[in-house]
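Note: the block below is work_28.txt and it holds compact mmCIF, C-alpha atoms.
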```txt
# COMPACT_ATOMS: atom_id res chain seq x y z
CA MET A 2 36.82 -26.14 -58.17
CA ASP A 3 37.38 -26.75 -54.47
CA GLY A 4 37.71 -25.03 -51.13
CA THR A 5 41.20 -23.73 -51.98
CA MET A 6 40.19 -21.57 -54.95
CA ASP A 7 41.74 -18.12 -55.06
CA LEU A 8 39.05 -15.48 -55.08
CA THR A 9 41.30 -12.51 -54.39
CA GLY A 10 40.30 -9.43 -56.33
CA LYS A 11 37.26 -11.03 -57.93
CA THR A 12 34.32 -8.71 -58.48
CA GLU A 13 30.79 -9.64 -57.50
CA LEU A 14 29.93 -10.30 -61.13
CA GLU A 15 32.95 -12.55 -61.60
CA LEU A 16 32.01 -14.48 -58.48
CA ARG A 17 28.47 -14.82 -59.80
CA ALA A 18 29.79 -16.18 -63.07
CA MET A 19 31.88 -18.76 -61.18
CA GLU A 20 28.79 -19.74 -59.22
CA ARG A 21 26.85 -20.25 -62.43
CA GLU A 22 29.58 -22.44 -63.88
CA ILE A 23 29.34 -24.75 -60.89
CA ALA A 24 25.55 -24.69 -60.98
CA LYS A 25 25.57 -25.76 -64.63
CA GLN A 26 27.23 -29.04 -63.64
CA HIS A 27 24.17 -29.89 -61.55
CA LEU A 28 21.31 -28.54 -63.62
CA ASP A 29 19.20 -30.61 -66.01
CA LYS A 30 19.99 -33.89 -64.24
CA PHE A 31 16.92 -36.08 -64.04
CA PRO A 32 16.10 -36.74 -60.36
CA TYR A 33 15.49 -40.51 -60.48
CA LEU A 34 15.62 -40.76 -56.70
CA SER A 35 12.90 -38.14 -56.27
CA LEU A 36 10.75 -39.93 -58.85
CA ALA A 37 11.03 -43.25 -57.00
CA TRP A 38 10.63 -41.47 -53.67
CA GLY A 39 7.53 -39.52 -54.72
CA LEU A 40 5.63 -42.47 -56.15
CA GLY A 41 7.04 -45.11 -53.79
CA ASN A 42 6.22 -43.05 -50.74
CA LEU A 43 2.58 -42.72 -51.77
CA VAL A 44 2.31 -46.43 -52.57
CA CYS A 45 3.89 -47.24 -49.20
CA TRP A 46 1.43 -44.98 -47.33
CA LEU A 47 -1.56 -46.52 -49.12
CA SER A 48 -0.22 -50.02 -48.45
CA VAL A 49 0.05 -49.21 -44.76
CA TRP A 50 -3.68 -48.44 -44.76
CA VAL A 51 -4.51 -51.76 -46.42
CA LEU A 52 -2.20 -53.73 -44.14
CA CYS A 53 -3.40 -52.08 -40.94
CA LEU A 54 -7.10 -52.22 -41.79
CA ASN A 55 -6.73 -55.94 -42.56
CA GLY A 56 -4.89 -56.61 -39.32
CA ILE A 57 -1.66 -57.65 -41.05
CA LEU A 58 0.42 -54.74 -39.72
CA PRO A 59 0.05 -53.55 -36.10
CA LEU A 60 -1.41 -50.09 -35.84
CA TRP A 61 1.54 -48.72 -33.86
CA ALA A 62 3.88 -49.73 -36.70
CA GLY A 63 1.48 -48.25 -39.22
CA PHE A 64 1.48 -45.00 -37.26
CA ILE A 65 5.29 -44.75 -37.39
CA ILE A 66 5.48 -45.57 -41.09
CA ALA A 67 2.59 -43.24 -41.99
CA THR A 68 4.23 -40.40 -40.07
CA ILE A 69 7.48 -40.88 -42.00
CA ASN A 70 5.49 -41.12 -45.26
CA ILE A 71 3.66 -37.86 -44.64
CA ALA A 72 6.82 -36.05 -43.53
CA ALA A 73 8.51 -37.29 -46.73
CA SER A 74 5.62 -36.53 -49.07
CA TYR A 75 6.38 -32.89 -49.76
CA LEU A 76 9.86 -32.89 -51.28
CA PRO A 77 9.22 -34.84 -54.51
CA SER A 78 6.40 -32.40 -55.21
CA HIS A 79 8.82 -29.59 -54.40
CA GLU A 80 11.12 -30.84 -57.16
CA ALA A 81 8.12 -30.80 -59.50
CA GLN A 82 7.16 -27.29 -58.40
CA HIS A 83 10.52 -26.18 -59.79
CA SER A 84 10.03 -28.30 -62.94
CA ILE A 85 13.14 -30.32 -62.13
CA PHE A 86 11.66 -33.48 -63.66
CA ALA A 87 10.85 -31.63 -66.88
CA MET A 88 10.27 -28.04 -67.98
CA PRO A 89 7.02 -27.02 -69.73
CA GLY A 90 6.97 -28.21 -73.32
CA LYS A 91 9.39 -31.11 -72.71
CA SER A 92 8.39 -34.70 -73.43
CA LYS A 93 8.56 -35.75 -69.76
CA ARG A 94 6.47 -32.82 -68.56
CA TRP A 95 3.57 -35.16 -67.80
CA LEU A 96 5.82 -37.00 -65.36
CA ASN A 97 6.70 -33.74 -63.64
CA GLU A 98 3.02 -32.95 -63.17
CA LEU A 99 2.18 -36.54 -62.15
CA VAL A 100 4.75 -36.59 -59.33
CA GLY A 101 3.78 -33.06 -58.37
CA HIS A 102 0.12 -33.99 -57.97
CA LEU A 103 0.47 -37.48 -56.48
CA SER A 104 3.23 -37.14 -53.91
CA PRO A 105 1.59 -34.50 -51.64
CA ILE A 106 -1.79 -36.28 -51.47
CA PRO A 107 -1.16 -37.46 -47.87
CA LEU A 108 -0.39 -33.83 -46.98
CA VAL A 109 -3.87 -32.80 -48.16
CA MET A 110 -2.45 -29.94 -50.21
CA PRO A 111 -3.05 -29.50 -53.94
CA PHE A 112 0.07 -29.30 -56.10
CA SER A 113 -1.18 -26.12 -57.78
CA VAL A 114 -1.53 -24.38 -54.42
CA LEU A 115 1.89 -25.57 -53.26
CA ARG A 116 3.50 -24.42 -56.51
CA ALA A 117 1.83 -20.99 -56.55
CA THR A 118 2.61 -20.21 -52.92
CA HIS A 119 6.14 -21.64 -53.09
CA MET A 120 7.02 -19.43 -56.05
CA GLU A 121 5.92 -16.46 -53.95
CA HIS A 122 8.13 -17.70 -51.12
CA HIS A 123 11.10 -17.68 -53.49
CA LYS A 124 10.26 -14.24 -54.85
CA HIS A 125 9.76 -12.71 -51.42
CA ALA A 126 11.68 -14.93 -48.97
CA ASN A 127 11.52 -13.53 -45.44
CA ASP A 128 9.38 -10.54 -46.41
CA PRO A 129 6.88 -10.21 -43.53
CA GLU A 130 4.09 -9.09 -45.86
CA LEU A 131 4.69 -11.12 -49.02
CA ASP A 132 6.37 -14.40 -48.02
CA PRO A 133 3.53 -16.93 -47.41
CA ASP A 134 5.88 -18.92 -45.14
CA TYR A 135 6.87 -15.96 -43.01
CA ASP A 136 4.63 -17.11 -40.15
CA HIS A 137 7.26 -19.73 -39.25
CA HIS A 138 9.74 -17.05 -38.22
CA TYR A 139 10.52 -17.37 -34.54
CA ASP A 140 13.70 -16.71 -32.59
CA THR A 141 13.61 -20.09 -30.87
CA ALA A 142 12.64 -23.62 -31.79
CA LEU A 143 10.11 -23.60 -28.95
CA GLY A 144 8.55 -20.47 -30.40
CA PHE A 145 8.40 -22.21 -33.77
CA PHE A 146 6.50 -25.19 -32.34
CA TRP A 147 3.91 -22.88 -30.82
CA GLY A 148 3.67 -20.98 -34.11
CA SER A 149 3.27 -24.21 -36.08
CA LEU A 150 0.41 -25.21 -33.81
CA GLN A 151 -1.21 -21.84 -34.43
CA TRP A 152 -0.66 -22.22 -38.21
CA ARG A 153 -2.85 -25.32 -38.12
CA GLN A 154 -5.80 -23.55 -36.47
CA PRO A 155 -8.94 -22.77 -38.52
CA GLN A 156 -7.87 -19.12 -38.52
CA PRO A 157 -4.10 -19.04 -37.95
CA PHE A 158 -3.06 -16.11 -35.77
CA GLY A 159 -6.63 -14.83 -35.78
CA ARG A 160 -6.70 -14.05 -39.49
CA GLU A 161 -7.12 -15.70 -42.85
CA HIS A 162 -4.68 -18.52 -43.66
CA PRO A 163 -1.42 -17.11 -45.11
CA TYR A 164 -1.69 -19.31 -48.21
CA ALA A 165 -5.25 -18.08 -48.85
CA ARG A 166 -4.08 -14.47 -48.50
CA CYS A 167 -1.19 -15.16 -50.86
CA LEU A 168 -3.44 -16.77 -53.50
CA LYS A 169 -5.84 -13.83 -53.35
CA ARG A 170 -2.96 -11.35 -53.66
CA ILE A 171 -1.64 -13.00 -56.81
CA GLY A 172 -5.12 -13.38 -58.31
CA ARG A 173 -5.36 -17.17 -57.96
CA GLU A 174 -8.58 -17.36 -55.95
CA ASP A 175 -9.54 -20.31 -58.17
CA LEU A 176 -7.01 -22.43 -56.28
CA LEU A 177 -8.82 -21.80 -53.00
CA LEU A 178 -11.58 -24.05 -54.26
CA GLN A 179 -9.09 -26.86 -54.89
CA SER A 180 -7.78 -26.47 -51.36
CA LEU A 181 -11.27 -26.62 -49.97
CA ALA A 182 -12.07 -29.71 -52.04
CA TYR A 183 -8.95 -31.49 -50.72
CA ARG A 184 -9.85 -30.47 -47.18
CA LEU A 185 -13.43 -31.69 -47.48
CA VAL A 186 -12.40 -35.07 -48.91
CA TYR A 187 -9.81 -35.48 -46.12
CA LEU A 188 -12.25 -34.56 -43.35
CA GLY A 189 -14.97 -36.63 -45.03
CA ILE A 190 -12.76 -39.74 -44.99
CA LEU A 191 -11.73 -39.17 -41.36
CA CYS A 192 -15.32 -38.63 -40.22
CA ALA A 193 -16.73 -41.53 -42.26
CA MET A 194 -14.13 -43.85 -40.75
CA ALA A 195 -14.74 -42.52 -37.24
CA LEU A 196 -18.50 -42.99 -37.53
CA ASN A 197 -17.93 -46.56 -38.70
CA GLY A 198 -15.84 -47.57 -35.71
CA LEU A 199 -12.42 -46.85 -37.24
CA ALA A 200 -11.61 -43.55 -35.51
CA ILE A 201 -8.38 -44.79 -33.92
CA GLU A 202 -7.16 -46.14 -37.27
CA ALA A 203 -7.98 -42.85 -39.00
CA ALA A 204 -6.28 -40.89 -36.24
CA LEU A 205 -3.12 -42.98 -36.24
CA LEU A 206 -2.75 -43.38 -40.01
CA TRP A 207 -3.59 -39.86 -41.14
CA TRP A 208 -4.74 -37.25 -38.62
CA LEU A 209 -1.88 -37.49 -36.12
CA PRO A 210 0.84 -38.29 -38.71
CA TRP A 211 -0.33 -35.19 -40.61
CA GLN A 212 0.09 -33.02 -37.52
CA ILE A 213 3.59 -34.37 -36.90
CA GLY A 214 4.56 -34.41 -40.57
CA ILE A 215 3.53 -30.83 -41.25
CA THR A 216 5.40 -29.65 -38.16
CA TYR A 217 8.52 -31.52 -39.31
CA ILE A 218 8.26 -30.05 -42.81
CA GLN A 219 7.81 -26.52 -41.53
CA PHE A 220 10.70 -26.95 -39.10
CA TYR A 221 13.28 -28.23 -41.58
CA LEU A 222 12.13 -26.55 -44.76
CA SER A 223 11.12 -23.21 -43.37
CA TRP A 224 12.27 -22.40 -39.86
CA ALA A 225 15.78 -23.89 -39.76
CA PRO A 226 17.09 -22.54 -43.10
CA HIS A 227 15.47 -19.11 -42.79
CA ASN A 228 15.84 -18.34 -39.10
CA PRO A 229 16.78 -16.52 -37.09
CA GLY A 230 17.81 -13.21 -38.54
CA CYS A 231 17.99 -14.04 -42.24
CA GLY A 232 17.49 -11.07 -44.56
CA THR A 233 15.67 -10.66 -47.84
CA GLU A 234 18.58 -10.35 -50.27
CA ARG A 235 19.98 -13.02 -52.62
CA TYR A 236 22.77 -14.09 -50.27
CA SER A 237 21.05 -13.40 -46.97
CA ASP A 238 17.56 -14.88 -47.35
CA THR A 239 18.63 -18.35 -46.23
CA GLN A 240 21.51 -20.08 -44.51
CA SER A 241 23.23 -23.42 -44.17
CA PHE A 242 22.81 -25.15 -40.83
CA LYS A 243 24.07 -28.23 -39.03
CA SER A 244 21.24 -30.60 -38.20
CA ARG A 245 21.46 -32.91 -35.20
CA LEU A 246 19.61 -35.51 -37.26
CA GLY A 247 22.04 -35.34 -40.17
CA ASN A 248 21.29 -34.38 -43.75
CA ILE A 249 18.96 -37.20 -44.76
CA TRP A 250 16.72 -37.00 -41.69
CA SER A 251 16.50 -33.24 -42.05
CA SER A 252 15.30 -33.69 -45.65
CA GLY A 253 18.57 -32.45 -47.14
CA MET A 254 17.84 -28.94 -45.96
CA GLN A 255 21.26 -28.22 -44.48
CA TYR A 256 22.23 -26.91 -47.92
CA HIS A 257 19.03 -24.95 -48.54
CA VAL A 258 21.11 -21.92 -49.52
CA ILE A 259 21.91 -23.67 -52.82
CA HIS A 260 18.23 -24.24 -53.46
CA HIS A 261 17.38 -20.55 -53.10
CA LEU A 262 20.23 -19.51 -55.38
CA TYR A 263 19.63 -22.22 -57.99
CA PRO A 264 16.16 -23.71 -57.42
CA ARG A 265 16.42 -26.12 -60.37
CA ILE A 266 19.36 -28.06 -58.93
CA PRO A 267 17.90 -31.41 -57.77
CA LEU A 268 17.85 -31.93 -54.02
CA VAL A 269 20.29 -34.85 -54.06
CA ARG A 270 22.91 -32.70 -55.82
CA THR A 271 22.74 -29.73 -53.43
CA PRO A 272 25.40 -31.07 -50.97
CA GLU A 273 27.98 -31.42 -53.74
CA ALA A 274 27.07 -28.05 -55.28
CA TYR A 275 27.33 -26.50 -51.82
CA ARG A 276 30.81 -27.89 -51.19
CA GLN A 277 31.97 -26.62 -54.57
CA MET A 278 30.38 -23.18 -54.19
CA LYS A 279 31.02 -22.57 -50.50
CA PRO A 280 34.11 -20.30 -50.85
CA ILE A 281 32.33 -18.20 -53.46
CA LEU A 282 29.19 -17.97 -51.38
CA LYS A 283 31.23 -16.98 -48.36
CA ALA A 284 32.90 -14.26 -50.43
CA GLN A 285 29.46 -13.08 -51.52
CA GLY A 286 28.40 -12.74 -47.87
CA ALA A 287 26.17 -15.81 -47.63
CA ARG A 288 25.64 -17.44 -44.22
CA VAL A 289 27.55 -20.65 -44.86
CA ASP A 290 29.68 -21.10 -41.74
CA ALA A 291 27.53 -23.73 -40.04
CA ILE A 292 28.59 -26.68 -42.16
CA MET B 11 -24.59 -16.33 -57.98
CA THR B 12 -20.80 -16.26 -57.54
CA HIS B 13 -21.21 -14.08 -54.47
CA MET B 14 -23.70 -16.53 -52.97
CA PHE B 15 -21.35 -19.43 -53.69
CA ALA B 16 -18.47 -17.60 -52.02
CA LYS B 17 -20.67 -16.89 -48.99
CA LEU B 18 -21.68 -20.55 -48.84
CA LEU B 19 -18.03 -21.66 -48.92
CA GLU B 20 -17.13 -19.14 -46.25
CA TRP B 21 -19.92 -20.48 -44.05
CA LEU B 22 -18.82 -24.04 -44.71
CA LEU B 23 -15.26 -23.26 -43.65
CA THR B 24 -16.51 -21.56 -40.50
CA VAL B 25 -18.64 -24.48 -39.35
CA LEU B 26 -16.14 -27.23 -40.27
CA PRO B 27 -14.57 -27.39 -36.77
CA PHE B 28 -18.01 -27.89 -35.20
CA PHE B 29 -18.78 -30.84 -37.46
CA PHE B 30 -15.23 -32.18 -37.08
CA GLY B 31 -15.70 -32.17 -33.32
CA LEU B 32 -18.98 -34.08 -33.56
CA ALA B 33 -18.12 -36.49 -36.38
CA PHE B 34 -14.45 -37.25 -35.69
CA LEU B 35 -13.19 -36.18 -32.29
CA ALA B 36 -16.28 -37.41 -30.41
CA PRO B 37 -16.24 -40.93 -31.92
CA LEU B 38 -12.45 -40.99 -31.54
CA SER B 39 -12.70 -40.28 -27.82
CA VAL B 40 -15.49 -42.87 -27.43
CA GLN B 41 -13.40 -45.54 -29.18
CA VAL B 42 -10.24 -44.66 -27.23
CA MET B 43 -12.11 -44.83 -23.91
CA GLU B 44 -13.77 -48.07 -25.03
CA SER B 45 -10.34 -49.59 -25.65
CA PHE B 46 -9.59 -48.84 -21.97
CA GLY B 47 -12.88 -50.42 -20.96
CA VAL B 48 -14.60 -47.12 -20.10
CA GLU B 49 -18.15 -46.92 -21.43
CA ALA B 50 -19.59 -44.25 -19.15
CA LEU B 51 -18.38 -41.32 -17.07
CA GLY B 52 -20.23 -40.58 -13.83
CA GLY B 53 -23.07 -42.76 -14.99
CA VAL B 54 -23.42 -40.86 -18.26
CA ASP B 55 -22.95 -42.77 -21.50
CA MET B 56 -19.58 -42.01 -23.17
CA TRP B 57 -21.26 -40.99 -26.43
CA THR B 58 -23.28 -38.32 -24.63
CA VAL B 59 -20.23 -37.03 -22.78
CA SER B 60 -18.11 -36.94 -25.94
CA LEU B 61 -20.75 -35.28 -28.07
CA ILE B 62 -21.23 -32.56 -25.47
CA ILE B 63 -17.50 -31.94 -24.94
CA PHE B 64 -16.45 -31.98 -28.60
CA GLY B 65 -19.65 -30.32 -29.83
CA VAL B 66 -19.02 -27.39 -27.48
CA TRP B 67 -15.26 -27.35 -28.17
CA GLY B 68 -15.83 -27.52 -31.94
CA GLY B 69 -18.46 -24.79 -31.65
CA ILE B 70 -15.98 -22.57 -29.82
CA ALA B 71 -13.33 -23.37 -32.47
CA SER B 72 -15.82 -22.40 -35.19
CA TRP B 73 -16.64 -19.18 -33.35
CA THR B 74 -13.10 -18.10 -32.45
CA GLY B 75 -11.14 -19.71 -35.31
CA ARG B 76 -8.88 -21.70 -32.98
CA TRP B 77 -8.97 -25.01 -31.13
CA ILE B 78 -6.31 -23.90 -28.64
```
Conversion result in C-alpha cells:
Amino acid sequence: MDGTMDLTGKTELELRAMEREIAKQHLDKFPYLSLAWGLGNLVCWLSVWVLCLNGILPLWAGFIIATINIAASYLPSHEAQHSIFAMPGKSKRWLNELVGHLSPIPLVMPFSVLRATHMEHHKHANDPELDPDYDHHYDTALGFFWGSLQWRQPQPFGREHPYARCLKRIGREDLLLQSLAYRLVYLGILCAMALNGLAIEAALLWWLPWQIGITYIQFYLSWAPHNPGCGTERYSDTQSFKSRLGNIWSSGMQYHVIHHLYPRIPLVRTPEAYRQMKPILKAQGARVDAI
Amino acid sequence: MTHMFAKLLEWLLTVLPFFFGLAFLAPLSVQVMESFGVEALGGVDMWTVSLIIFGVWGGIASWTGRWI
C-alpha cells in the first residue's frame, strides 16, 4: 500500500481493517535495536561514572554523555511495558522484563510503576482526570517547561504526585513503596557522595542530567504528540508532528500516532507503518498533516 | 501496624527535601564555591552559610511541597 491508495467509499470498518493489515506487517518483530540500546545505554552510563570518578574522562564530557544516557533510558523500557520483546508466557519473556527493569534505572523509576501508569495513559489519553500524564498539557512550549519544573516538585501543583494518585486509583498502592525505595536509594547515593567530597560529580553525572533528561522525555513523549488540542478518541488523542531535531533526536516520537493505535509495533518500525497508513489515518480523521 | 507504617512513610516523604538540602545541596554549594576559591562569605565559613541557606530552603520545601 502507498500514498496513492483509493479510499473512496470505504466505510470506517473497512478502513480499520486496512489499517490492521498494515499493522500486521510490523507486529511481532523482535526489537534488536531496543535490546542493544536498553542494555548498552545503562552500561555506558555506569562506565561514565567509573571513568569520571577515576579521572579518565573529564567531568564536562561525562555530564553530556550522562544527560544523553538518561534522556535515552526510558524508551527501551517503554517497549518492554508493551511486551514488544516478548508477551507473557513466551520463552523470551525474561528478556522483556530484564530490559524493562534495567533500562530506566538512571531515571529512578521502577519498571512496574512505569508500566502501570503508562497503561492508564493509553486507556485514558488526554483525560484530565484519568490520564497520569495530563499534567504536561500546556498551550505553549514555554508553559510546558514551567509545568515540567512543577511536576518535579515534592508536591507537584500543590497536590499528590499524579503517578501516586493513579496507582491509588487502580489499587496498586504496593507500587508506591517501590517508588519510594528507588527514590531513597537515589537520594542516599547523591547525599553520600556529596558528604564525601563528590557533590559536583554526583550533580553532573546524575542529579542535573536527570532534571534535563526527564524534561526532554516529557517534552517529546508527552507534550509534543498530545498537544495542543488533542482529543480523547482513537484518532484524536495524539498527532504526528515535525520535530526541529529530526526523528532520532526526538526519540522517534514524530510518528507517535502509530504507537497509540498499535502500541505493540516496535518504535523503529513506526515511521514505515506511518507512511503506509497515513492516507487511511487521514481518512479516519487523525491529525497527520504535520509530516 | 500498616497505618503506622503508612504514616511513617508519609512523614519521610515530607521531610526528604529538608534532608536533601542539608546533605546534598549544602555540600554541593560548598564544593562549587571551593572550586572558585571561595571558602567564606562575609567572614562566615562557607559550610555555615550553606547549611543555613539550604536548611531553611529545604525546610520551606518540606513545608510547602515545592522548591520554587
Problem set entry | Which of A:Trp211, A:Tyr263, A:Trp152, A:Tyr187 sits closest to Leu26 in chain B [using all atoms listed in the file] |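 Among A:Trp211, A:Tyr263, A:Trp152, A:Tyr187, it is A:Tyr187 that comes nearest to Leu26 in chain B.
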For this session: Compute the set of chain B residues within 10 Å of chain A, using all atoms listed in the file, and express it as a PyMOL selection string.
Result: chain B and resi 16+19+22-27+29-42+45+71-78
Just want the 9 Å neighbourhood of Asn97 in chain A, counted on all atoms listed in the file, with same-chain residues fewer than 5 positions away dropped. Output as an mmCIF file with C-alpha atoms, keeping the file's coordinate frame.
```cif
data_model
loop_
_atom_site.group_PDB
_atom_site.id
_atom_site.type_symbol
_atom_site.label_atom_id
_atom_site.label_comp_id
_atom_site.auth_asym_id
_atom_site.auth_seq_id
_atom_site.Cartn_x
_atom_site.Cartn_y
_atom_site.Cartn_z
ATOM 1 C CA LEU A 36 10.750 -39.930 -58.850
ATOM 2 C CA SER A 78 6.400 -32.400 -55.210
ATOM 3 C CA GLU A 80 11.120 -30.840 -57.160
ATOM 4 C CA ALA A 81 8.120 -30.800 -59.500
ATOM 5 C CA GLN A 82 7.160 -27.290 -58.400
ATOM 6 C CA SER A 84 10.030 -28.300 -62.940
ATOM 7 C CA ILE A 85 13.140 -30.320 -62.130
ATOM 8 C CA PHE A 86 11.660 -33.480 -63.660
ATOM 9 C CA ALA A 87 10.850 -31.630 -66.880
ATOM 10 C CA MET A 88 10.270 -28.040 -67.980
ATOM 11 C CA HIS A 102 0.120 -33.990 -57.970
#
```
For this session: Go ahead and find all residues with at least one atom no further than 10 Å from (24.1, -22.5, -53.4) in the file's coordinates, using all atoms listed in the file; report them as a ChimeraX atom specification.
Result: /A:20-21,23-24,236,239-241,256-264,266,271-279,281-282,287,289
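For the atom pair formed by CA of Lys91 in chain A and CA of Arg116 in chain A, the distance is 18.5 Å, given to one decimal.
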Exercise. What is the distance between CA of Leu99 in chain A and CA of Ser113 in chain A, in Å to one decimal?
Worked result: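 Answer for the CA of Leu99 in chain A to CA of Ser113 in chain A separation: 11.8 Å.
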Seminar exercise, completed: Students should find that CA of Leu206 in chain A and CA of Leu222 in chain A are spaced 23.0 Å
Exercise. Range 39-48 of chain A: which residues within 6 Å, counting only C-alpha atoms, same-chain residues fewer than 4 positions away excluded, as a list in words?
Worked result: Ser35, Ala67, Asn70, Pro77 and Ser104 of chain A
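Between Met43 in chain B and the candidates B:Ser60, B:Trp21, B:Gly65, B:Phe28, the tightest atom-to-atom separation, counting only C-alpha atoms, involves B:Ser60.
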For this session: Just the residues within 8 Å of Glu121 in chain A, please, counting all atoms listed in the file, with nothing from its chain fewer than 2 positions along; format it as a ChimeraX atom specification.
Result: /A:117-119,123-126,131-133,167
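Proximity ranking of A:Leu52, A:Leu34, A:Ile213, A:Met19 relative to Pro267 in chain A places A:Leu34 first, based on all atoms listed in the file.
The nearest approach to Gln179 in chain A among the residues A:Ala165, A:Ile69, A:Ala291, A:Pro229, with all atoms listed in the file taken into account, belongs to A:Ala165.
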Exercise. Taking into account only C-alpha atoms, which residue in the set A:Glu130, A:Asp7, A:Asp238, A:Glu22 is nearest to Arg170 in chain A?
Worked result: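 Smallest separation from Arg170 in chain A among the options: A:Glu130.
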Problem set entry | Given all atoms listed in the file as the counted atoms, nearest of A:Ala142, A:Ile71, A:Leu108, A:Leu168 to His122 in chain A | A:Leu168
Is it possible to get the axis-aligned box enclosing range 35-54 of chain B (all listed atoms, 5 Å extra per side) as lines of an AutoDock Vina configuration file, with centre and edge lengths in Å rounded to one decimal?
```
center_x = -16.5
center_y = -43.3
center_z = -23.1
size_x = 23.8
size_y = 24.2
size_z = 28.5
```
